[in-house]
$ cat work-v2.txt   # compact mmCIF, C-alpha atoms
# COMPACT_ATOMS: atom_id res chain seq x y z
CA MET A 1 -8.24 -21.40 -4.34
CA LYS A 2 -10.75 -23.53 -2.47
CA LEU A 3 -11.97 -21.75 0.63
CA SER A 4 -11.80 -24.94 2.68
CA GLN A 5 -8.02 -24.94 2.15
CA LEU A 6 -7.47 -21.23 2.85
CA LEU A 7 -6.07 -20.31 6.27
CA THR A 8 -8.70 -17.80 7.27
CA ALA A 9 -11.59 -17.41 9.65
CA THR A 10 -14.24 -14.70 9.38
CA LEU A 11 -15.66 -13.16 12.54
CA ARG A 12 -19.22 -12.01 13.09
CA GLU A 13 -18.05 -9.26 15.45
CA ALA A 14 -14.80 -7.30 15.66
CA PRO A 15 -12.76 -7.27 18.90
CA ALA A 16 -13.74 -4.46 21.26
CA ASP A 17 -10.39 -2.68 20.91
CA ALA A 18 -10.76 -2.24 17.13
CA GLU A 19 -11.58 1.45 16.72
CA ILE A 20 -11.81 2.25 13.00
CA ILE A 21 -13.59 0.46 10.20
CA SER A 22 -10.48 -0.84 8.41
CA HIS A 23 -9.16 -2.42 11.63
CA LYS A 24 -12.54 -4.02 12.33
CA LEU A 25 -13.01 -5.34 8.80
CA MET A 26 -9.45 -6.64 8.40
CA LEU A 27 -9.87 -8.64 11.60
CA ARG A 28 -13.38 -9.82 10.72
CA ALA A 29 -12.34 -10.81 7.18
CA GLY A 30 -9.42 -12.87 8.47
CA MET A 31 -6.76 -10.69 6.85
CA ILE A 32 -4.57 -9.94 9.86
CA ARG A 33 -4.03 -11.06 13.44
CA GLN A 34 -2.25 -9.12 16.17
CA LEU A 35 0.95 -10.54 17.63
CA ALA A 36 1.82 -7.64 19.94
CA ALA A 37 0.87 -3.96 20.20
CA GLY A 38 1.25 -2.48 16.72
CA ILE A 39 2.70 -5.71 15.27
CA TYR A 40 0.57 -7.91 12.99
CA THR A 41 0.74 -11.20 11.11
CA TRP A 42 -0.67 -11.01 7.59
CA LEU A 43 -2.78 -14.08 6.82
CA PRO A 44 -3.03 -15.39 3.22
CA LEU A 45 -6.07 -13.29 2.28
CA GLY A 46 -4.55 -10.04 3.53
CA TYR A 47 -1.15 -10.90 2.12
CA ARG A 48 -2.62 -11.32 -1.37
CA VAL A 49 -3.94 -7.75 -1.19
CA LEU A 50 -0.61 -6.47 0.12
CA LYS A 51 1.30 -8.17 -2.70
CA LYS A 52 -1.06 -6.68 -5.29
CA VAL A 53 -0.41 -3.19 -3.99
CA GLU A 54 3.31 -3.94 -3.96
CA ALA A 55 3.18 -5.19 -7.57
CA VAL A 56 1.57 -1.99 -8.87
CA ILE A 57 4.10 0.14 -7.02
CA ARG A 58 7.02 -1.93 -8.28
CA GLU A 59 5.83 -1.82 -11.89
CA GLU A 60 5.40 1.96 -11.93
CA MET A 61 8.68 2.57 -10.11
CA ASN A 62 10.50 0.38 -12.65
CA ASN A 63 8.76 2.25 -15.47
CA SER A 64 10.11 5.51 -14.04
CA GLY A 65 13.68 4.27 -14.40
CA ALA A 66 14.22 3.56 -10.71
CA GLN A 67 16.33 0.52 -9.77
CA GLU A 68 15.21 -1.82 -7.00
CA ILE A 69 17.59 -2.81 -4.22
CA LEU A 70 17.18 -4.23 -0.72
CA MET A 71 18.94 -2.65 2.24
CA PRO A 72 19.35 -4.12 5.73
CA ALA A 73 16.57 -3.49 8.22
CA ILE A 74 19.17 -3.28 11.02
CA GLN A 75 21.38 -0.21 10.81
CA PRO A 76 24.58 0.76 12.69
CA ALA A 77 24.40 3.71 15.06
CA GLU A 78 27.53 5.23 13.52
CA LEU A 79 25.63 6.23 10.37
CA TRP A 80 22.89 7.91 12.40
CA ARG A 81 25.49 9.80 14.40
CA GLU A 82 27.04 11.04 11.15
CA SER A 83 23.70 12.53 10.13
CA GLU A 84 23.15 13.78 13.70
CA ARG A 85 19.82 11.96 13.91
CA TRP A 86 20.78 9.37 16.54
CA ASP A 87 19.81 11.76 19.31
CA GLN A 88 17.35 13.87 17.32
CA TYR A 89 15.00 11.09 16.27
CA GLY A 90 13.75 10.38 19.77
CA PRO A 91 12.12 7.30 21.34
CA GLU A 92 10.46 6.18 18.08
CA LEU A 93 13.90 4.86 17.07
CA LEU A 94 14.20 1.27 18.33
CA ARG A 95 17.79 1.02 19.55
CA ILE A 96 19.39 -2.38 20.06
CA ASN A 97 22.81 -3.81 20.93
CA ASP A 98 24.44 -6.91 19.49
CA ARG A 99 26.42 -9.42 21.57
CA HIS A 100 29.52 -7.22 21.30
CA LYS A 101 27.61 -4.25 22.75
CA ARG A 102 27.70 -2.42 19.43
CA GLU A 103 24.74 -0.08 18.91
CA PHE A 104 22.23 -0.55 16.12
CA CYS A 105 18.67 0.46 15.33
CA PHE A 106 15.78 -1.16 13.52
CA GLY A 107 15.42 1.22 10.58
CA PRO A 108 12.40 3.53 10.55
CA THR A 109 13.75 4.97 7.29
CA HIS A 110 16.92 4.54 5.19
CA GLU A 111 18.41 7.93 4.30
CA GLU A 112 21.65 7.17 6.13
CA VAL A 113 22.09 3.70 4.64
CA ILE A 114 21.40 4.78 1.05
CA THR A 115 23.70 7.78 1.37
CA ASP A 116 26.48 5.55 2.67
CA LEU A 117 25.92 3.15 -0.23
CA VAL A 118 26.09 5.89 -2.87
CA ARG A 119 29.21 7.54 -1.44
CA ARG A 120 30.93 4.16 -1.78
CA GLU A 121 29.63 3.25 -5.25
CA VAL A 122 29.16 6.46 -7.25
CA ARG A 123 32.33 8.11 -8.51
CA SER A 124 31.38 9.95 -11.70
CA TYR A 125 28.69 12.31 -12.93
CA LYS A 126 28.09 9.75 -15.70
CA GLN A 127 26.30 7.57 -13.11
CA LEU A 128 23.81 10.34 -12.34
CA PRO A 129 20.97 11.00 -11.94
CA LEU A 130 20.36 7.81 -9.97
CA ILE A 131 17.09 6.59 -8.43
CA LEU A 132 17.19 3.60 -6.09
CA TYR A 133 14.24 2.11 -4.24
CA GLN A 134 13.29 -0.76 -2.00
CA ILE A 135 10.14 -2.31 -0.50
CA GLN A 136 11.17 -3.05 3.04
CA THR A 137 9.85 -3.59 6.55
CA LYS A 138 10.24 -0.55 8.81
CA PHE A 139 9.83 -0.14 12.56
CA ARG A 140 8.85 3.01 14.44
CA ASP A 141 8.23 2.61 18.15
CA GLU A 142 4.97 4.55 18.31
CA ILE A 143 4.07 5.59 21.85
CA ARG A 144 0.48 4.52 21.20
CA PRO A 145 0.07 2.22 18.21
CA ARG A 146 -3.57 2.12 17.18
CA PHE A 147 -6.03 1.70 14.34
CA GLY A 148 -4.59 -1.68 13.30
CA ILE A 149 -2.12 -1.41 10.42
CA MET A 150 -3.02 2.26 9.93
CA ARG A 151 -0.68 3.29 12.75
CA SER A 152 1.33 0.20 13.59
CA ARG A 153 4.90 -0.05 14.81
CA GLU A 154 6.04 -2.50 12.14
CA PHE A 155 4.95 -1.73 8.56
CA LEU A 156 5.85 -2.23 4.93
CA MET A 157 7.13 0.79 3.04
CA LYS A 158 8.41 1.64 -0.41
CA ASP A 159 11.19 4.16 -0.04
CA ALA A 160 13.13 5.62 -2.95
CA TYR A 161 16.10 7.98 -3.04
CA SER A 162 17.53 10.01 -5.89
CA PHE A 163 20.99 11.56 -6.32
CA HIS A 164 21.91 14.51 -8.53
CA LEU A 165 24.68 16.95 -9.42
CA ASN A 166 22.38 19.97 -9.21
CA ASP A 167 18.95 21.25 -8.19
CA GLN A 168 17.64 21.28 -11.76
CA SER A 169 18.18 17.54 -12.06
CA LEU A 170 16.52 17.00 -8.67
CA GLU A 171 13.51 19.05 -9.75
CA GLU A 172 13.11 16.94 -12.90
CA THR A 173 13.18 13.69 -10.93
CA TYR A 174 10.86 15.14 -8.29
CA GLU A 175 8.28 15.90 -10.98
CA LYS A 176 8.77 12.40 -12.41
CA MET A 177 8.09 10.86 -8.97
CA TYR A 178 5.04 13.09 -8.52
CA SER A 179 3.71 11.75 -11.83
CA THR A 180 4.64 8.16 -10.90
CA TYR A 181 2.80 8.41 -7.58
CA THR A 182 -0.24 9.78 -9.37
CA LYS A 183 -0.20 6.77 -11.72
CA ILE A 184 0.17 4.35 -8.78
CA PHE A 185 -2.77 5.69 -6.80
CA ASN A 186 -4.95 5.97 -9.91
CA ARG A 187 -4.19 2.34 -10.85
CA LEU A 188 -5.09 1.25 -7.33
CA GLY A 189 -8.50 2.91 -7.73
CA LEU A 190 -8.07 5.38 -4.87
CA ASN A 191 -9.66 8.81 -4.50
CA PHE A 192 -6.66 10.89 -3.43
CA ARG A 193 -5.25 14.38 -3.31
CA ALA A 194 -1.64 15.61 -3.48
CA VAL A 195 -0.94 18.50 -1.11
CA ILE A 196 1.98 20.79 -0.26
CA ALA A 197 3.51 19.67 3.04
CA ASP A 198 6.17 20.33 5.64
CA SER A 199 9.21 18.08 5.50
CA GLY A 200 9.31 17.29 9.22
CA ASN A 201 12.32 15.45 10.61
CA ILE A 202 13.20 14.02 7.18
CA GLY A 203 14.36 17.48 6.13
CA GLY A 204 14.55 19.33 2.84
CA ASP A 205 13.05 22.37 1.17
CA LYS A 206 10.06 21.06 -0.77
CA SER A 207 7.64 18.20 -0.20
CA HIS A 208 4.20 16.90 -1.14
CA GLU A 209 1.97 14.46 0.69
CA PHE A 210 -0.50 12.15 -1.04
CA HIS A 211 -3.71 11.65 0.92
CA VAL A 212 -6.49 9.13 0.41
CA LEU A 213 -9.67 11.05 1.16
CA ALA A 214 -11.70 9.46 3.95
CA GLU A 215 -13.78 10.79 6.82
CA SER A 216 -11.73 8.76 9.30
CA GLY A 217 -8.46 10.39 8.16
CA GLU A 218 -6.23 11.73 10.92
CA ASP A 219 -4.99 14.62 8.78
CA GLN A 220 -6.91 17.69 7.71
CA ILE A 221 -6.12 19.01 4.25
CA VAL A 222 -7.23 22.29 2.73
CA PHE A 223 -7.62 23.15 -0.93
CA SER A 224 -8.96 25.83 -3.25
CA LYS A 225 -11.54 25.13 -5.92
CA ASN A 226 -10.36 28.21 -7.82
CA SER A 227 -6.71 27.23 -8.14
CA ASP A 228 -4.33 24.28 -7.85
CA TYR A 229 -3.49 25.15 -4.23
CA ALA A 230 -3.76 22.25 -1.78
CA SER A 231 -1.83 21.64 1.43
CA ASN A 232 -2.00 19.93 4.78
CA LEU A 233 -3.27 22.08 7.63
CA GLU A 234 0.19 22.61 9.15
CA ARG A 235 1.57 24.02 5.92
CA ALA A 236 -1.56 26.07 5.25
CA LEU A 237 -1.13 27.88 8.58
CA ILE A 238 2.29 28.97 7.36
CA ASP A 239 1.38 30.16 3.84
CA LEU A 240 -2.54 30.76 3.74
CA GLY A 241 -2.07 34.18 2.15
CA GLU A 242 -4.84 35.77 0.11
CA GLU A 243 -6.37 32.40 -0.88
CA ALA A 244 -7.39 31.62 2.70
CA HIS A 245 -11.02 32.80 2.30
CA LYS A 246 -11.48 30.24 -0.63
CA LEU A 247 -10.23 27.33 0.97
CA GLU A 248 -12.22 24.18 1.69
CA SER A 249 -11.19 21.26 3.90
CA ALA A 250 -11.36 17.47 3.92
CA ARG A 251 -9.98 14.59 5.96
CA GLY A 252 -7.15 12.54 4.53
CA ILE A 253 -4.99 9.50 5.24
CA GLU A 254 -1.38 10.07 4.26
CA VAL A 255 -0.14 7.20 2.07
CA GLY A 256 2.76 8.85 0.26
CA HIS A 257 5.30 11.64 0.78
CA ILE A 258 7.96 13.01 -1.56
CA PHE A 259 10.79 15.33 -0.51
CA GLN A 260 13.48 17.45 -2.07
CA LEU A 261 16.18 16.79 0.52
CA GLY A 262 18.89 18.91 -1.00
CA LYS A 263 22.24 18.33 0.72
CA LYS A 264 20.93 17.59 4.23
CA TYR A 265 22.47 14.10 4.30
CA SER A 266 25.05 14.20 1.54
CA LYS A 267 26.89 17.16 3.07
CA CYS A 268 27.29 15.78 6.60
CA MET A 269 28.06 12.29 5.26
CA LYS A 270 30.51 13.64 2.65
CA THR A 271 28.80 12.13 -0.40
CA ASN A 272 30.59 13.59 -3.41
CA CYS A 273 31.43 12.73 -7.00
CA LEU A 274 33.40 14.30 -9.83
CA ASP A 275 31.59 16.47 -12.36
CA GLU A 276 32.49 16.70 -16.07
CA HIS A 277 35.32 19.12 -15.22
CA GLY A 278 36.86 16.84 -12.62
CA LYS A 279 35.59 18.95 -9.72
CA SER A 280 34.29 17.25 -6.57
CA ILE A 281 30.58 18.06 -6.08
CA THR A 282 28.40 17.33 -3.04
CA LEU A 283 25.38 15.45 -4.34
CA THR A 284 21.81 16.70 -4.06
CA MET A 285 19.16 14.23 -2.91
CA GLY A 286 15.45 13.47 -3.14
CA CYS A 287 13.39 11.03 -1.05
CA TYR A 288 10.10 9.37 -2.00
CA GLY A 289 8.04 7.15 0.32
CA ILE A 290 4.81 5.13 0.08
CA GLY A 291 3.16 3.32 2.97
CA VAL A 292 2.44 0.00 1.27
CA SER A 293 0.62 -1.65 4.16
CA ARG A 294 -1.16 1.60 5.06
CA ILE A 295 -2.64 1.77 1.54
CA VAL A 296 -4.56 -1.44 2.29
CA ALA A 297 -6.20 0.11 5.36
CA ALA A 298 -6.80 3.43 3.60
CA ALA A 299 -8.53 1.68 0.70
CA ILE A 300 -10.91 -0.03 3.14
CA GLU A 301 -11.63 3.25 4.95
CA GLN A 302 -12.64 4.72 1.60
CA ASN A 303 -14.47 1.67 0.21
CA ASN A 304 -16.85 -0.19 2.53
CA ASP A 305 -20.49 -0.62 3.39
CA GLU A 306 -22.58 -2.33 6.07
CA LYS A 307 -21.75 -5.74 4.53
CA GLY A 308 -17.96 -5.37 4.53
CA ILE A 309 -15.12 -4.37 2.21
CA ILE A 310 -15.57 -3.08 -1.34
CA TRP A 311 -12.18 -3.53 -2.99
CA PRO A 312 -11.03 -1.56 -6.01
CA ILE A 313 -10.58 -4.30 -8.63
CA ALA A 314 -6.78 -3.92 -8.70
CA MET A 315 -6.54 -4.67 -4.97
CA ALA A 316 -9.16 -7.40 -4.52
CA PRO A 317 -7.68 -10.67 -3.18
CA TYR A 318 -9.83 -12.59 -5.68
CA GLN A 319 -11.79 -11.34 -8.66
CA LEU A 320 -14.59 -13.89 -8.51
CA ALA A 321 -16.36 -15.94 -5.85
CA LEU A 322 -17.86 -19.23 -7.07
CA ILE A 323 -20.61 -20.31 -4.68
CA PRO A 324 -22.38 -23.66 -5.19
CA VAL A 325 -25.70 -24.22 -3.40
CA ASN A 326 -25.96 -27.62 -1.69
CA MET A 327 -23.08 -29.01 -3.71
CA HIS A 328 -22.47 -31.70 -1.09
CA LYS A 329 -25.92 -33.17 -1.78
CA SER A 330 -25.54 -33.44 -5.56
CA VAL A 331 -22.81 -35.33 -7.39
CA ARG A 332 -23.71 -33.84 -10.78
CA LEU A 333 -23.68 -30.29 -9.41
CA ARG A 334 -20.32 -30.90 -7.76
CA GLU A 335 -18.89 -32.19 -11.04
CA ALA A 336 -20.25 -29.16 -12.93
CA VAL A 337 -18.86 -26.72 -10.32
CA ILE A 338 -15.40 -28.31 -10.32
CA SER A 339 -15.37 -28.30 -14.13
CA LEU A 340 -16.24 -24.58 -14.24
CA TYR A 341 -13.73 -23.83 -11.47
CA LYS A 342 -10.91 -25.45 -13.45
CA LYS A 343 -11.89 -23.60 -16.62
CA LEU A 344 -11.85 -20.31 -14.73
CA LEU A 345 -8.36 -21.05 -13.44
CA ASP A 346 -7.22 -22.04 -16.94
CA ASN A 347 -8.43 -18.64 -18.15
CA ASN A 348 -6.41 -16.84 -15.46
CA ILE A 349 -9.47 -15.74 -13.49
CA GLU A 350 -8.60 -15.27 -9.82
CA VAL A 351 -11.43 -17.34 -8.39
CA ILE A 352 -12.17 -18.51 -4.88
CA LEU A 353 -14.47 -21.53 -4.63
CA ASP A 354 -16.54 -21.72 -1.45
CA ASP A 355 -16.61 -25.50 -1.15
CA ARG A 356 -17.65 -25.52 2.50
CA ASN A 357 -20.77 -27.34 3.64
CA GLU A 358 -22.45 -24.11 4.71
CA ARG A 359 -25.80 -22.43 4.21
CA PRO A 360 -25.93 -20.08 1.18
CA GLY A 361 -26.54 -17.06 3.42
CA VAL A 362 -23.33 -17.71 5.33
CA MET A 363 -21.35 -18.07 2.11
CA PHE A 364 -22.83 -14.90 0.62
CA SER A 365 -22.08 -12.92 3.78
CA ASP A 366 -18.48 -14.10 3.94
CA MET A 367 -17.77 -13.19 0.31
CA GLU A 368 -19.33 -9.75 0.81
CA LEU A 369 -17.31 -9.24 3.98
CA ILE A 370 -14.09 -10.21 2.20
CA GLY A 371 -15.02 -7.89 -0.65
CA VAL A 372 -14.79 -10.12 -3.73
CA PRO A 373 -16.04 -7.90 -6.61
CA HIS A 374 -17.94 -10.57 -8.61
CA ARG A 375 -20.01 -13.62 -7.66
CA PHE A 376 -21.31 -16.70 -9.46
CA VAL A 377 -23.96 -18.80 -7.71
CA PHE A 378 -24.38 -22.33 -9.10
CA SER A 379 -27.38 -24.49 -8.17
CA GLU A 380 -29.16 -27.62 -9.40
CA LYS A 381 -32.00 -25.43 -10.63
CA GLY A 382 -29.51 -23.40 -12.64
CA LEU A 383 -27.89 -26.56 -13.91
CA ASP A 384 -31.27 -27.76 -15.18
CA SER A 385 -31.86 -24.48 -17.04
CA GLY A 386 -28.25 -24.16 -18.18
CA GLU A 387 -27.77 -20.90 -16.31
CA ILE A 388 -25.63 -19.47 -13.53
CA GLU A 389 -26.54 -16.52 -11.31
CA TYR A 390 -24.26 -13.48 -11.37
CA LYS A 391 -24.02 -10.58 -8.92
CA GLU A 392 -21.63 -7.66 -8.65
CA ARG A 393 -20.56 -6.66 -5.12
CA THR A 394 -21.91 -3.12 -5.26
CA ILE A 395 -25.15 -3.84 -7.18
CA ASN A 396 -28.16 -5.42 -5.49
CA GLU A 397 -29.64 -6.97 -8.65
CA ASN A 398 -28.82 -10.51 -9.79
CA LYS A 399 -28.81 -11.69 -13.39
CA ASN A 400 -28.77 -15.12 -14.99
CA ILE A 401 -26.29 -15.93 -17.74
CA LYS A 402 -25.80 -19.06 -19.83
CA ILE A 403 -23.22 -21.44 -18.35
CA GLU A 404 -21.39 -21.75 -21.66
CA LYS A 405 -20.96 -17.94 -21.73
CA ALA A 406 -19.81 -17.62 -18.13
CA ILE A 407 -16.07 -17.57 -18.89
CA ALA A 408 -16.32 -14.90 -21.60
CA PHE A 409 -18.71 -12.87 -19.41
CA ILE A 410 -16.42 -12.72 -16.38
CA LYS A 411 -13.32 -12.14 -18.51
CA GLU A 412 -14.96 -9.05 -19.93
CA LYS A 413 -15.98 -7.89 -16.45
CA THR A 414 -12.43 -8.21 -15.13
CA SER A 415 -10.58 -7.08 -18.26
CA SER A 416 -9.69 -3.71 -16.71
CA PHE A 417 -7.74 -5.61 -14.07
$ encode --input "work-v2.txt" --output "structure tokens"
Amino acid sequence: MKLSQLLTATLREAPADAEIISHKLMLRAGMIRQLAAGIYTWLPLGYRVLKKVEAVIREEMNNSGAQEILMPAIQPAELWRESERWDQYGPELLRINDRHKREFCFGPTHEEVITDLVRREVRSYKQLPLILYQIQTKFRDEIRPRFGIMRSREFLMKDAYSFHLNDQSLEETYEKMYSTYTKIFNRLGLNFRAVIADSGNIGGDKSHEFHVLAESGEDQIVFSKNSDYASNLERALIDLGEEAHKLESARGIEVGHIFQLGKKYSKCMKTNCLDEHGKSITLTMGCYGIGVSRIVAAAIEQNNDEKGIIWPIAMAPYQLALIPVNMHKSVRLREAVISLYKKLLDNNIEVILDDRNERPGVMFSDMELIGVPHRFVFSEKGLDSGEIEYKERTINENKNIKIEKAIAFIKEKTSSF
């Protein structure tokens, strides 16, 4: 991509109402723009990051045996009344009426819809266990949306649901999802911790939260260095026990939550199927959520410096920035840059070419702000010596490499991607 063609605009200063670093940097880097309180447009640069996160999640969910579906964002009130959550959920539930005065809501979650689907489609134990997931826009009418996409009203979420004949099957899938989430967050390059948690208004008997560790995290988690015990503060107050005097604490940003729901929804919504003996059994359920858009903000909170964003390689919008110095003054340099740019693209290197007529300092600052992990600087002096200057985002030293070796060099640097 040529930067001159990319719909983006970097800002020297963040708007005054941006409170945390991820909100400031996403606005400054031209990743998002606010439409209304807690509602954001994702610009091309930010959307590339979001799609990369989504791709990792989708690949690992598919590897786990889950099947992807897409459910409606708008849900009928009747289903929520069946589960008795229409009145329980409170003002965060955005309630709307259609032209016929029928009541609906903009889904903050999809337990009711998935349970209704399964009670219509699953008839035999031979179809179980079943894991279905979607990546879908959710809406929760937060009383005070803040921190940019960290606590927005509209957000992108991966939510999965599993159905089982018994608790043993649920436990097996729960452990599989725990392992899948661990793979997802490791692949995304995040420093995270899984902790025992309360189930809240989702319900169920057992749950774990996955927290990205960051000083700006809203949640406090506690853990023991002498055992595997780790929980959020709310759960720790319930079951501290004899480990309490070993416990240490850290701040975390919740990006994932898995639940053993049991029969909370299947019982009240009469979701049954026949077992191998022909007996009607109420299904047991699990629920597994990841905040896809929140991961983007959490990654920035964990990975930044005074210059801007430091993306984990799997999330970076581009792997390489190609920056020519005074290209507009030299025909031969322009031809050499365009030739290298095309070769990089042919070798599947995600490269962004800063072809603007700007001073080098401005171009360097913008690429550091955006967080591109690797940088090539091409100049007439380098062209004369047959070299190109390389710099990694997190290392202050530059090094010169031969132009003819540039492709192989950067391919090796980005091979882990």
$ atom_distance --input "work-v2.txt" --atom1 "atom CA of Cys105 of chain A" --atom2 "atom CA of Arg33 of chain A"
25.5 Å
$ residues_around --input "work-v2.txt" --residues "Glu392 of chain A" --least-positions-apart "4" --cutoff "7 Å" --atoms "only C-alpha atoms" --output "list in words"
Pro373, His374 and Arg375 of chain A
$ residues_around --input "work-v2.txt" --residues "Glu215 of chain A" --least-positions-apart "4" --cutoff "8 Å" --atoms "all atoms listed in the file" --output "VMD selection string"
chain A and resid 250 to 252
$ closest_residue --input "work-v2.txt" --among "A:Gln75, A:Ser216, A:Gln5, A:Ser385" --to "Ala299 of chain A" --atoms "all atoms listed in the file"
A:Ser216
$ closest_residue --input "work-v2.txt" --among "A:Ala73, A:Ile253, A:Ile196, A:Met26" --to "Leu43 of chain A" --atoms "all atoms listed in the file"
A:Met26
$ residues_around --input "work-v2.txt" --residues "Glu54 of chain A" --least-positions-apart "6" --cutoff "10 Å" --atoms "all atoms listed in the file" --output "number ranges by chain"
A: 48, 135, 156-158, 292-293, 295, 315
$ residues_around --input "work-v2.txt" --residues "segment 174-176 of chain A" --least-positions-apart "5" --cutoff "10 Å" --atoms "all atoms listed in the file" --output "PDB file with C-alpha atoms, keeping the file's coordinate frame"
ATOM      1  CA  SER A  64      10.110   5.510 -14.040  1.00  0.00           C
ATOM      2  CA  GLY A  65      13.680   4.270 -14.400  1.00  0.00           C
ATOM      3  CA  SER A 162      17.530  10.010  -5.890  1.00  0.00           C
ATOM      4  CA  GLN A 168      17.640  21.280 -11.760  1.00  0.00           C
ATOM      5  CA  SER A 169      18.180  17.540 -12.060  1.00  0.00           C
ATOM      6  CA  TYR A 181       2.800   8.410  -7.580  1.00  0.00           C
ATOM      7  CA  THR A 182      -0.240   9.780  -9.370  1.00  0.00           C
ATOM      8  CA  LYS A 206      10.060  21.060  -0.770  1.00  0.00           C
ATOM      9  CA  SER A 207       7.640  18.200  -0.200  1.00  0.00           C
ATOM     10  CA  HIS A 208       4.200  16.900  -1.140  1.00  0.00           C
ATOM     11  CA  ILE A 258       7.960  13.010  -1.560  1.00  0.00           C
ATOM     12  CA  PHE A 259      10.790  15.330  -0.510  1.00  0.00           C
ATOM     13  CA  GLN A 260      13.480  17.450  -2.070  1.00  0.00           C
ATOM     14  CA  MET A 285      19.160  14.230  -2.910  1.00  0.00           C
ATOM     15  CA  GLY A 286      15.450  13.470  -3.140  1.00  0.00           C
ATOM     16  CA  CYS A 287      13.390  11.030  -1.050  1.00  0.00           C
ATOM     17  CA  TYR A 288      10.100   9.370  -2.000  1.00  0.00           C
TER      18      TYR A 288
END
$ residues_around --input "work-v2.txt" --residues "Ser4 of chain A" --least-positions-apart "4" --cutoff "9 Å" --atoms "all atoms listed in the file" --output "list in words"
Leu353, Asp354, Asp355 and Arg356 of chain A
$ closest_residue --input "work-v2.txt" --among "A:Ala194, A:Leu233, A:Ala297, A:Leu320" --to "Lys391 of chain A" --atoms "all atoms listed in the file"
A:Leu320
$ closest_residue --input "work-v2.txt" --among "A:Leu322, A:Val49, A:Ile352, A:Leu340" --to "Lys405 of chain A" --atoms "all atoms listed in the file"
A:Leu340
$ atom_distance --input "work-v2.txt" --atom1 "atom CA of Pro312 of chain A" --atom2 "atom CA of Val372 of chain A"
9.6 Å
$ closest_residue --input "work-v2.txt" --among "A:Ala160, A:Leu130, A:Leu3, A:Met150" --to "His110 of chain A" --atoms "all atoms listed in the file"
A:Ala160
$ residues_near_point --input "work-v2.txt" --point "(-11.5, 22.3, 3.0)" --cutoff "6 Å" --atoms "only C-alpha atoms" --output "VMD selection string"
chain A and resid 222 to 223 247 to 250
$ atom_distance --input "work-v2.txt" --atom1 "atom CA of Glu254 of chain A" --atom2 "atom CA of Leu213 of chain A"
8.9 Å
$ closest_residue --input "work-v2.txt" --among "A:Lys270, A:Lys183, A:Arg95, A:Lys126" --to "Arg140 of chain A" --atoms "only C-alpha atoms"
A:Arg95
$ residues_near_point --input "work-v2.txt" --point "(25.8, 10.8, -8.4)" --cutoff "7 Å" --atoms "only C-alpha atoms" --output "list in words"
Val122, Ser124, Tyr125, Gln127, Leu128, Pro129, Leu130, Phe163, His164, Leu165, Cys273 and Leu283 of chain A
$ axis_aligned_box --input "work-v2.txt" --around "segment 65-73 of chain A" --padding-each-side "8 Å" --output "AutoDock Vina command-line options"
--center_x 16.5 --center_y 0.0 --center_z -3.1 --size_x 21.7 --size_y 24.5 --size_z 38.6
